[in-house]
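Okay, upload_10.cif now, which holds mmCIF, C-alpha atoms:
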data_input
#
loop_
_atom_site.label_atom_id
_atom_site.label_comp_id
_atom_site.auth_asym_id
_atom_site.auth_seq_id
_atom_site.Cartn_x
_atom_site.Cartn_y
_atom_site.Cartn_z
CA MET A 1 -5.40 10.56 -7.04
CA GLU A 2 -3.29 8.75 -4.45
CA GLN A 3 -5.08 5.94 -2.59
CA LEU A 4 -6.06 7.13 0.87
CA THR A 5 -5.09 4.60 3.54
CA PHE A 6 -5.94 4.58 7.24
CA LEU A 7 -4.18 2.33 9.77
CA ALA A 8 -4.77 1.89 13.50
CA VAL A 9 -2.46 0.12 15.93
CA HIS A 10 -4.53 -1.56 18.63
CA ALA A 11 -3.50 -3.71 21.55
CA HIS A 12 -6.19 -6.40 21.75
CA PRO A 13 -9.11 -7.85 19.83
CA ASP A 14 -12.13 -5.57 20.58
CA ASP A 15 -10.08 -2.35 20.96
CA GLU A 16 -10.62 -1.57 17.28
CA ALA A 17 -14.38 -1.49 17.79
CA SER A 18 -14.57 0.56 20.97
CA SER A 19 -12.44 3.54 19.99
CA THR A 20 -12.31 3.51 16.19
CA GLY A 21 -15.23 1.31 15.12
CA GLY A 22 -17.27 4.20 13.77
CA LEU A 23 -14.30 5.76 11.98
CA TYR A 24 -13.36 2.46 10.33
CA ARG A 25 -16.86 1.99 8.94
CA VAL A 26 -17.21 5.60 7.81
CA LEU A 27 -13.87 5.51 6.00
CA ALA A 28 -14.65 2.16 4.40
CA ASP A 29 -17.92 3.59 3.11
CA GLN A 30 -15.94 6.48 1.62
CA GLY A 31 -13.66 4.11 -0.28
CA VAL A 32 -10.61 4.67 1.94
CA ARG A 33 -8.35 1.63 2.37
CA THR A 34 -8.44 0.56 6.01
CA VAL A 35 -5.84 -1.52 7.83
CA LEU A 36 -5.87 -2.85 11.40
CA VAL A 37 -2.78 -3.95 13.31
CA THR A 38 -3.69 -5.95 16.43
CA CYS A 39 -0.67 -6.43 18.66
CA THR A 40 -1.75 -9.24 20.99
CA ASN A 41 -3.97 -12.30 20.89
CA GLY A 42 -5.91 -11.32 24.02
CA GLU A 43 -5.03 -14.34 26.17
CA CYS A 44 -5.79 -12.43 29.38
CA GLY A 45 -9.41 -11.81 28.48
CA ASP A 46 -12.38 -13.52 30.09
CA ALA A 47 -13.10 -17.15 29.26
CA LEU A 48 -16.51 -18.05 27.83
CA ASP A 49 -17.73 -18.98 31.32
CA GLY A 50 -16.51 -15.65 32.69
CA ALA A 51 -13.36 -17.07 34.27
CA LYS A 52 -10.64 -14.49 34.88
CA PRO A 53 -6.93 -15.06 34.15
CA ASN A 54 -6.25 -15.86 37.82
CA SER A 55 -8.77 -18.72 37.79
CA ASP A 56 -7.33 -22.23 37.92
CA HIS A 57 -9.23 -23.34 34.82
CA HIS A 58 -8.60 -20.22 32.73
CA ASP A 59 -6.89 -21.28 29.48
CA GLY A 60 -5.37 -18.27 27.74
CA ASP A 61 -4.78 -20.12 24.50
CA GLU A 62 -8.43 -21.14 24.29
CA VAL A 63 -9.49 -17.58 25.08
CA ALA A 64 -7.26 -16.35 22.24
CA LYS A 65 -8.91 -18.77 19.80
CA VAL A 66 -12.35 -17.44 20.69
CA ARG A 67 -11.19 -13.85 20.42
CA ALA A 68 -9.57 -14.49 17.03
CA LYS A 69 -12.93 -15.58 15.61
CA GLU A 70 -14.67 -12.62 17.21
CA LEU A 71 -12.09 -10.26 15.72
CA ASP A 72 -12.57 -11.73 12.25
CA HIS A 73 -16.31 -11.09 12.56
CA ALA A 74 -15.83 -7.50 13.77
CA VAL A 75 -13.38 -6.79 10.95
CA GLU A 76 -15.98 -7.95 8.43
CA ILE A 77 -18.66 -5.75 9.99
CA LEU A 78 -16.41 -2.68 9.94
CA GLY A 79 -15.29 -3.26 6.36
CA ILE A 80 -11.61 -3.37 7.27
CA ASP A 81 -9.56 -4.28 4.22
CA ARG A 82 -6.58 -5.86 5.94
CA LEU A 83 -6.09 -7.30 9.42
CA ILE A 84 -2.53 -7.89 10.61
CA ARG A 85 -1.99 -9.83 13.82
CA LEU A 86 1.46 -9.28 15.34
CA GLY A 87 0.74 -12.31 17.55
CA TYR A 88 2.29 -11.22 20.84
CA ARG A 89 0.85 -12.68 24.03
CA ASP A 90 -1.42 -10.51 26.12
CA SER A 91 0.54 -8.92 28.99
CA GLY A 92 -2.39 -8.54 31.38
CA MET A 93 -2.84 -5.53 33.63
CA MET A 94 0.11 -3.71 35.17
CA GLY A 95 1.78 -5.81 37.86
CA TRP A 96 0.26 -9.13 36.77
CA PRO A 97 2.62 -12.11 36.47
CA GLN A 98 1.87 -12.23 32.75
CA ASN A 99 3.99 -9.07 32.44
CA GLU A 100 7.05 -11.29 32.88
CA ASP A 101 6.25 -13.67 30.02
CA PRO A 102 9.06 -13.17 27.48
CA ASP A 103 6.54 -13.71 24.67
CA CYS A 104 4.18 -10.99 25.86
CA PHE A 105 3.98 -7.62 24.14
CA TRP A 106 5.10 -5.67 27.22
CA ALA A 107 8.32 -7.70 27.52
CA THR A 108 9.17 -7.37 23.81
CA PRO A 109 11.95 -4.85 23.09
CA VAL A 110 10.38 -1.76 21.57
CA ASP A 111 12.84 -1.64 18.69
CA VAL A 112 12.06 -5.25 17.72
CA ALA A 113 8.30 -4.70 17.55
CA ALA A 114 8.77 -1.27 15.97
CA ALA A 115 10.82 -2.74 13.11
CA ARG A 116 7.97 -5.16 12.36
CA LEU A 117 5.43 -2.35 12.43
CA ALA A 118 7.62 -0.06 10.32
CA SER A 119 7.79 -2.66 7.57
CA ILE A 120 3.98 -2.79 7.52
CA LEU A 121 3.78 0.99 7.41
CA GLU A 122 6.26 1.19 4.54
CA GLU A 123 4.23 -1.42 2.65
CA GLU A 124 0.82 0.21 3.23
CA ARG A 125 2.00 3.85 3.45
CA PRO A 126 -1.01 5.09 5.40
CA GLN A 127 -1.40 8.85 5.45
CA VAL A 128 -3.23 8.66 8.79
CA ILE A 129 -2.39 6.45 11.78
CA VAL A 130 -4.20 6.11 15.11
CA THR A 131 -3.01 4.58 18.36
CA TYR A 132 -3.14 5.35 22.11
CA ASN A 133 -1.50 8.12 24.12
CA GLU A 134 1.56 7.67 26.33
CA ILE A 135 -0.48 6.25 29.22
CA GLY A 136 -2.28 3.84 26.92
CA PHE A 137 -5.54 5.69 27.57
CA TYR A 138 -6.13 3.81 30.83
CA GLY A 139 -2.74 2.46 31.88
CA HIS A 140 -2.79 -1.01 30.32
CA PRO A 141 0.76 -2.20 29.55
CA ASP A 142 -0.14 -3.39 26.05
CA HIS A 143 -1.70 -0.03 25.22
CA ILE A 144 1.35 1.82 26.54
CA GLN A 145 3.57 -0.49 24.50
CA ALA A 146 1.47 0.16 21.39
CA ASN A 147 2.17 3.86 21.85
CA ARG A 148 5.90 3.32 22.27
CA VAL A 149 6.17 0.92 19.37
CA THR A 150 4.18 3.17 17.04
CA LEU A 151 6.29 6.23 17.87
CA ALA A 152 9.49 4.23 17.35
CA ALA A 153 8.21 2.84 14.04
CA LEU A 154 7.45 6.35 12.77
CA GLU A 155 11.09 7.29 13.38
CA MET A 156 12.08 4.49 11.00
CA LEU A 157 9.93 5.70 8.09
CA GLU A 158 11.03 7.58 5.00
CA TYR A 159 7.87 9.68 5.04
CA GLU A 160 5.79 11.50 7.68
CA PRO A 161 2.19 10.41 8.19
CA THR A 162 -0.31 12.16 10.44
CA LEU A 163 -0.53 10.46 13.83
CA TYR A 164 -3.53 10.74 16.10
CA TYR A 165 -4.23 9.40 19.59
CA ASN A 166 -7.78 8.28 20.32
CA ALA A 167 -9.29 10.51 22.97
CA ILE A 168 -12.40 11.46 24.89
CA PRO A 169 -12.84 15.14 25.78
CA ASN A 170 -13.05 15.89 29.50
CA SER A 171 -16.51 17.39 28.99
CA VAL A 172 -17.76 14.13 27.48
CA MET A 173 -15.94 11.94 29.98
CA GLY A 174 -17.82 13.68 32.77
CA GLN A 175 -21.13 12.75 31.14
CA TRP A 176 -19.98 9.18 30.62
CA ARG A 177 -18.86 8.90 34.23
CA GLU A 178 -22.33 9.89 35.37
CA ARG A 179 -23.79 7.22 33.10
CA PHE A 180 -21.32 4.59 34.43
CA GLU A 181 -22.25 5.43 38.01
CA GLN A 182 -25.97 5.34 37.24
CA GLN A 183 -25.65 1.91 35.63
CA GLU A 184 -23.68 0.69 38.63
CA ARG A 185 -26.35 1.94 41.05
CA GLU A 186 -29.10 0.29 39.01
CA GLN A 187 -27.19 -3.01 38.89
CA LYS A 188 -26.63 -2.98 42.65
CA ALA A 189 -30.32 -2.29 43.23
CA ALA A 190 -31.32 -5.14 40.89
CA ASN A 191 -28.92 -7.49 42.65
CA ALA A 192 -30.19 -6.43 46.08
CA ALA A 193 -33.76 -7.16 44.98
CA LYS A 194 -32.59 -10.70 44.21
CA GLY A 195 -30.88 -11.00 47.58
CA ILE A 196 -27.41 -10.65 46.09
CA VAL A 197 -25.15 -8.50 48.24
CA GLU A 198 -21.88 -7.54 46.64
CA PRO A 199 -18.83 -7.14 48.88
CA GLU A 200 -17.51 -3.63 49.25
CA GLN A 201 -14.48 -2.97 47.09
CA ALA A 202 -11.34 -2.12 49.03
CA ALA A 203 -9.99 1.33 48.34
CA SER A 204 -7.05 1.25 45.96
CA ASP A 205 -3.72 2.87 46.78
CA GLU A 206 -3.12 3.47 43.08
CA PRO A 207 -3.77 7.01 41.85
CA GLU A 208 -6.81 7.27 39.59
CA ILE A 209 -5.91 7.62 35.92
CA ASP A 210 -7.48 10.57 34.16
CA LEU A 211 -9.12 9.04 31.11
CA GLY A 212 -10.19 12.33 29.59
CA THR A 213 -8.32 14.74 27.36
CA PRO A 214 -8.64 18.52 27.80
CA ASP A 215 -11.19 19.73 25.29
CA GLU A 216 -8.78 22.27 23.84
CA LEU A 217 -6.37 19.47 22.84
CA ILE A 218 -8.95 17.64 20.72
CA SER A 219 -8.00 18.16 17.08
CA ALA A 220 -10.33 15.81 15.19
CA ILE A 221 -14.06 15.55 15.87
CA ILE A 222 -15.52 12.87 13.63
CA ASP A 223 -19.24 12.38 13.09
CA VAL A 224 -19.77 8.61 12.96
CA SER A 225 -23.53 8.68 13.52
CA SER A 226 -24.06 6.98 10.15
CA ALA A 227 -22.00 4.03 11.40
CA THR A 228 -23.23 3.50 14.95
CA ASP A 229 -25.19 0.36 14.05
CA ALA A 230 -22.02 -1.16 12.60
CA LYS A 231 -20.02 -0.05 15.63
CA TYR A 232 -22.61 -1.60 17.96
CA ASP A 233 -22.57 -4.84 15.97
CA ALA A 234 -18.75 -4.92 15.97
CA LEU A 235 -18.70 -4.54 19.75
CA ALA A 236 -21.35 -7.24 20.06
CA ALA A 237 -19.18 -9.50 17.89
CA HIS A 238 -16.71 -9.51 20.78
CA ALA A 239 -19.34 -11.13 23.01
CA SER A 240 -16.86 -12.97 25.24
CA GLN A 241 -15.48 -9.64 26.45
CA MET A 242 -18.19 -7.07 25.74
CA ALA A 243 -21.54 -8.68 26.51
CA GLU A 244 -21.81 -6.92 29.89
CA SER A 245 -20.04 -3.74 28.86
CA PHE A 246 -21.22 -0.18 29.33
CA PHE A 247 -21.60 0.09 25.56
CA LEU A 248 -23.96 -2.84 25.07
CA LYS A 249 -26.15 -2.04 28.05
CA MET A 250 -27.55 0.80 25.96
CA ASP A 251 -30.23 0.21 23.36
CA ARG A 252 -29.35 1.23 19.82
CA ALA A 253 -31.03 4.63 20.09
CA GLN A 254 -29.08 5.47 23.25
CA PHE A 255 -25.92 4.10 21.69
CA LYS A 256 -26.30 6.34 18.65
CA GLU A 257 -26.83 9.36 20.88
CA VAL A 258 -23.81 8.62 23.08
CA MET A 259 -21.44 7.08 20.53
CA GLY A 260 -22.17 9.11 17.41
CA THR A 261 -18.88 11.01 17.63
CA GLU A 262 -15.27 9.84 17.89
CA TRP A 263 -12.51 12.20 18.99
CA PHE A 264 -8.76 12.25 18.40
CA ARG A 265 -5.74 14.25 19.46
CA ARG A 266 -3.26 14.97 16.67
CA VAL A 267 0.42 14.29 17.39
CA THR A 268 2.10 14.96 14.05
CA ASN A 269 0.79 17.54 11.62
CA PRO A 270 2.63 17.46 8.28
CA ASN A 271 -0.22 19.31 6.52
CA ASP A 272 -0.48 22.05 9.17
CA VAL A 273 -4.25 21.75 9.64
CA GLY A 274 -6.31 22.94 12.59
CA VAL A 275 -9.27 21.29 14.28
CA VAL A 276 -10.87 19.03 11.66
CA THR A 277 -14.05 17.07 11.11
CA ASP A 278 -12.42 14.89 8.43
CA ILE A 279 -9.48 12.83 9.64
CA PHE A 280 -8.04 13.01 6.10
CA ALA A 281 -8.18 16.83 6.03
CA GLY A 282 -5.18 18.02 4.04
CA TYR A 283 -5.03 14.82 1.99
CA ARG A 284 -8.24 15.19 -0.05
#
Would you write out, as structure tokens, the structure that this file holds?
Amino acid sequence: MEQLTFLAVHAHPDDEASSTGGLYRVLADQGVRTVLVTCTNGECGDALDGAKPNSDHHDGDEVAKVRAKELDHAVEILGIDRLIRLGYRDSGMMGWPQNEDPDCFWATPVDVAAARLASILEEERPQVIVTYNEIGFYGHPDHIQANRVTLAALEMLEYEPTLYYNAIPNSVMGQWRERFEQQEREQKAANAAKGIVEPEQAASDEPEIDLGTPDELISAIIDVSSATDAKYDALAAHASQMAESFFLKMDRAQFKEVMGTEWFRRVTNPNDVGVVTDIFAGYR
């Protein structure tokens, strides 16, 4: 039987854990070969003291070193067989000055990065590939670029794999939004009890990005409840970025309840399958 191989193209260290951490661990436990391509080093993440990229003492190279170690730890937890770092600099959020860095992922010509990715794909020949949708799930330039580069790389291949975008159904996103808002209210109340008054956030002129995917477009619904402890631990491994995240503010029981499923939208369908509960449906 042909070796089953799964590959995800992610933008930054920690992205692999948040959207595909359960799937990686489940597939590894099934004996599937798993490969992770991480496009950037994550220089625009938070420093260990919480400093943001616009802080005078923020050192992107030092942040990248920390995140590299965290990624290695998460990869071990998730049982990923091969980690490939493309090594581009983090582009920051849309409109940040880091977008103009010629070494950042966003500024890299799509065909140049796609050729590098295509060579990896030809070497590994994954049957199933995951990346982000055309808006990068939430509008981050590096996520958008990962989408563009992956699509361009697929055009260079001599075979057709199944491509999925990670996704959250609108019905689930509504539940998550309520949980986000509840956590925010509780945090504000706790801060107020300590005499901490947070300034009101100015209203943004930018249109709100719809993070959800219509339920009818979801084509893979994967039960990862057996792997939620590993997913939690992989997220926790990225402590410099995730320690205060929505995910890790839940205890493990809550996390298993909320994060026990991962969803995907299929983009290419060489095996002509319908809605699946096995991302390798049609290959086994």
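The smallest atom-to-atom distance between Phe255 in chain A and any of A:His238, A:Arg148, A:Arg82, A:Lys231, using only C-alpha atoms, is found for A:Lys231.
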Spatial neighbours of Met259 in chain A, 9 Å, only C-alpha atoms, chain gap at least 2 places, as number ranges by chain: A: 22, 224-225, 228, 231, 247, 254-257, 261-262
Please expand the PyMOL selection byres ((chain A and resi 90) around 7) into the concrete residues it hits in this file, giving the result as a PyMOL selection string. chain A and resi 40-44+88-89+91-92+104-105
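CA of Glu100 in chain A is found 20.3 Å from CA of Glu62 in chain A.
With distances restricted to all atoms listed in the file, A:Ala237 is the closest residue to Lys69 in chain A from A:Ala237, A:Ile218, A:Ala153, A:Ala17.
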Expand the PyMOL selection byres ((chain A and resi 233) around 12) into the individual residues it matches in the shown file, reporting them as a VMD selection string. chain A and resid 14 17 to 18 21 to 22 25 70 to 71 73 to 78 227 to 232 234 to 239 242 to 243 247 to 248 251 to 252 255
Would you save the residues of that selection, restricted to C-alpha atoms, as an mmCIF file, keeping the file's coordinate frame?
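File produced: part03.cif:
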data_model
loop_
_atom_site.group_PDB
_atom_site.id
_atom_site.type_symbol
_atom_site.label_atom_id
_atom_site.label_comp_id
_atom_site.auth_asym_id
_atom_site.auth_seq_id
_atom_site.Cartn_x
_atom_site.Cartn_y
_atom_site.Cartn_z
ATOM 1 C CA ASP A 14 -12.130 -5.570 20.580
ATOM 2 C CA ALA A 17 -14.380 -1.490 17.790
ATOM 3 C CA SER A 18 -14.570 0.560 20.970
ATOM 4 C CA GLY A 21 -15.230 1.310 15.120
ATOM 5 C CA GLY A 22 -17.270 4.200 13.770
ATOM 6 C CA ARG A 25 -16.860 1.990 8.940
ATOM 7 C CA GLU A 70 -14.670 -12.620 17.210
ATOM 8 C CA LEU A 71 -12.090 -10.260 15.720
ATOM 9 C CA HIS A 73 -16.310 -11.090 12.560
ATOM 10 C CA ALA A 74 -15.830 -7.500 13.770
ATOM 11 C CA VAL A 75 -13.380 -6.790 10.950
ATOM 12 C CA GLU A 76 -15.980 -7.950 8.430
ATOM 13 C CA ILE A 77 -18.660 -5.750 9.990
ATOM 14 C CA LEU A 78 -16.410 -2.680 9.940
ATOM 15 C CA ALA A 227 -22.000 4.030 11.400
ATOM 16 C CA THR A 228 -23.230 3.500 14.950
ATOM 17 C CA ASP A 229 -25.190 0.360 14.050
ATOM 18 C CA ALA A 230 -22.020 -1.160 12.600
ATOM 19 C CA LYS A 231 -20.020 -0.050 15.630
ATOM 20 C CA TYR A 232 -22.610 -1.600 17.960
ATOM 21 C CA ALA A 234 -18.750 -4.920 15.970
ATOM 22 C CA LEU A 235 -18.700 -4.540 19.750
ATOM 23 C CA ALA A 236 -21.350 -7.240 20.060
ATOM 24 C CA ALA A 237 -19.180 -9.500 17.890
ATOM 25 C CA HIS A 238 -16.710 -9.510 20.780
ATOM 26 C CA ALA A 239 -19.340 -11.130 23.010
ATOM 27 C CA MET A 242 -18.190 -7.070 25.740
ATOM 28 C CA ALA A 243 -21.540 -8.680 26.510
ATOM 29 C CA PHE A 247 -21.600 0.090 25.560
ATOM 30 C CA LEU A 248 -23.960 -2.840 25.070
ATOM 31 C CA ASP A 251 -30.230 0.210 23.360
ATOM 32 C CA ARG A 252 -29.350 1.230 19.820
ATOM 33 C CA PHE A 255 -25.920 4.100 21.690
#
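Here CA of Thr150 in chain A stands at a distance of 6.5 Å from CA of Ala114 in chain A.
Distances from A:His57, A:Gln98, A:Val149, A:Gln3 to Arg116 in chain A were compared using all atoms listed in the file, and the smallest one belongs to A:Val149.
Reported to one decimal place, the separation of CA of Tyr165 in chain A from CA of Val112 in chain A is 22.0 Å.
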Any chance you could resolve the PyMOL selection byres ((chain A and resi 265) around 7) against this file and give the residues as a list of chain:residue names? A:Tyr164, A:Tyr165, A:Asn166, A:Ala167, A:Leu217, A:Ile218, A:Ser219, A:Ala220, A:Phe264, A:Arg266, A:Val267
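Non-sequential neighbours of Leu117 in chain A (distance at most 12 Å, separation of 6 or more positions within a chain, only C-alpha atoms) are Leu7, Ala8, Val9, His10, Leu36, Val37, Thr38, Cys39, Ile84, Arg85, Leu86, Val110, Asp111, Glu123, Glu124, Arg125, Ile129, Ala146, Asn147, Arg148, Val149, Thr150, Leu151, Ala152, Ala153, Leu154, Glu155, Met156 and Leu157 of chain A.
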Those same residues, written as an mmCIF file, in the frame of the given file with C-alpha atoms?
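Saved result, result-v9.cif, follows:
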data_model
loop_
_atom_site.group_PDB
_atom_site.id
_atom_site.type_symbol
_atom_site.label_atom_id
_atom_site.label_comp_id
_atom_site.auth_asym_id
_atom_site.auth_seq_id
_atom_site.Cartn_x
_atom_site.Cartn_y
_atom_site.Cartn_z
ATOM 1 C CA LEU A 7 -4.180 2.330 9.770
ATOM 2 C CA ALA A 8 -4.770 1.890 13.500
ATOM 3 C CA VAL A 9 -2.460 0.120 15.930
ATOM 4 C CA HIS A 10 -4.530 -1.560 18.630
ATOM 5 C CA LEU A 36 -5.870 -2.850 11.400
ATOM 6 C CA VAL A 37 -2.780 -3.950 13.310
ATOM 7 C CA THR A 38 -3.690 -5.950 16.430
ATOM 8 C CA CYS A 39 -0.670 -6.430 18.660
ATOM 9 C CA ILE A 84 -2.530 -7.890 10.610
ATOM 10 C CA ARG A 85 -1.990 -9.830 13.820
ATOM 11 C CA LEU A 86 1.460 -9.280 15.340
ATOM 12 C CA VAL A 110 10.380 -1.760 21.570
ATOM 13 C CA ASP A 111 12.840 -1.640 18.690
ATOM 14 C CA GLU A 123 4.230 -1.420 2.650
ATOM 15 C CA GLU A 124 0.820 0.210 3.230
ATOM 16 C CA ARG A 125 2.000 3.850 3.450
ATOM 17 C CA ILE A 129 -2.390 6.450 11.780
ATOM 18 C CA ALA A 146 1.470 0.160 21.390
ATOM 19 C CA ASN A 147 2.170 3.860 21.850
ATOM 20 C CA ARG A 148 5.900 3.320 22.270
ATOM 21 C CA VAL A 149 6.170 0.920 19.370
ATOM 22 C CA THR A 150 4.180 3.170 17.040
ATOM 23 C CA LEU A 151 6.290 6.230 17.870
ATOM 24 C CA ALA A 152 9.490 4.230 17.350
ATOM 25 C CA ALA A 153 8.210 2.840 14.040
ATOM 26 C CA LEU A 154 7.450 6.350 12.770
ATOM 27 C CA GLU A 155 11.090 7.290 13.380
ATOM 28 C CA MET A 156 12.080 4.490 11.000
ATOM 29 C CA LEU A 157 9.930 5.700 8.090
#
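If you measure from each of A:Thr20, A:Ser55, A:Ser245, A:Asn271 to Asp223 in chain A using all atoms listed in the file, the closest one turns out to be A:Thr20.
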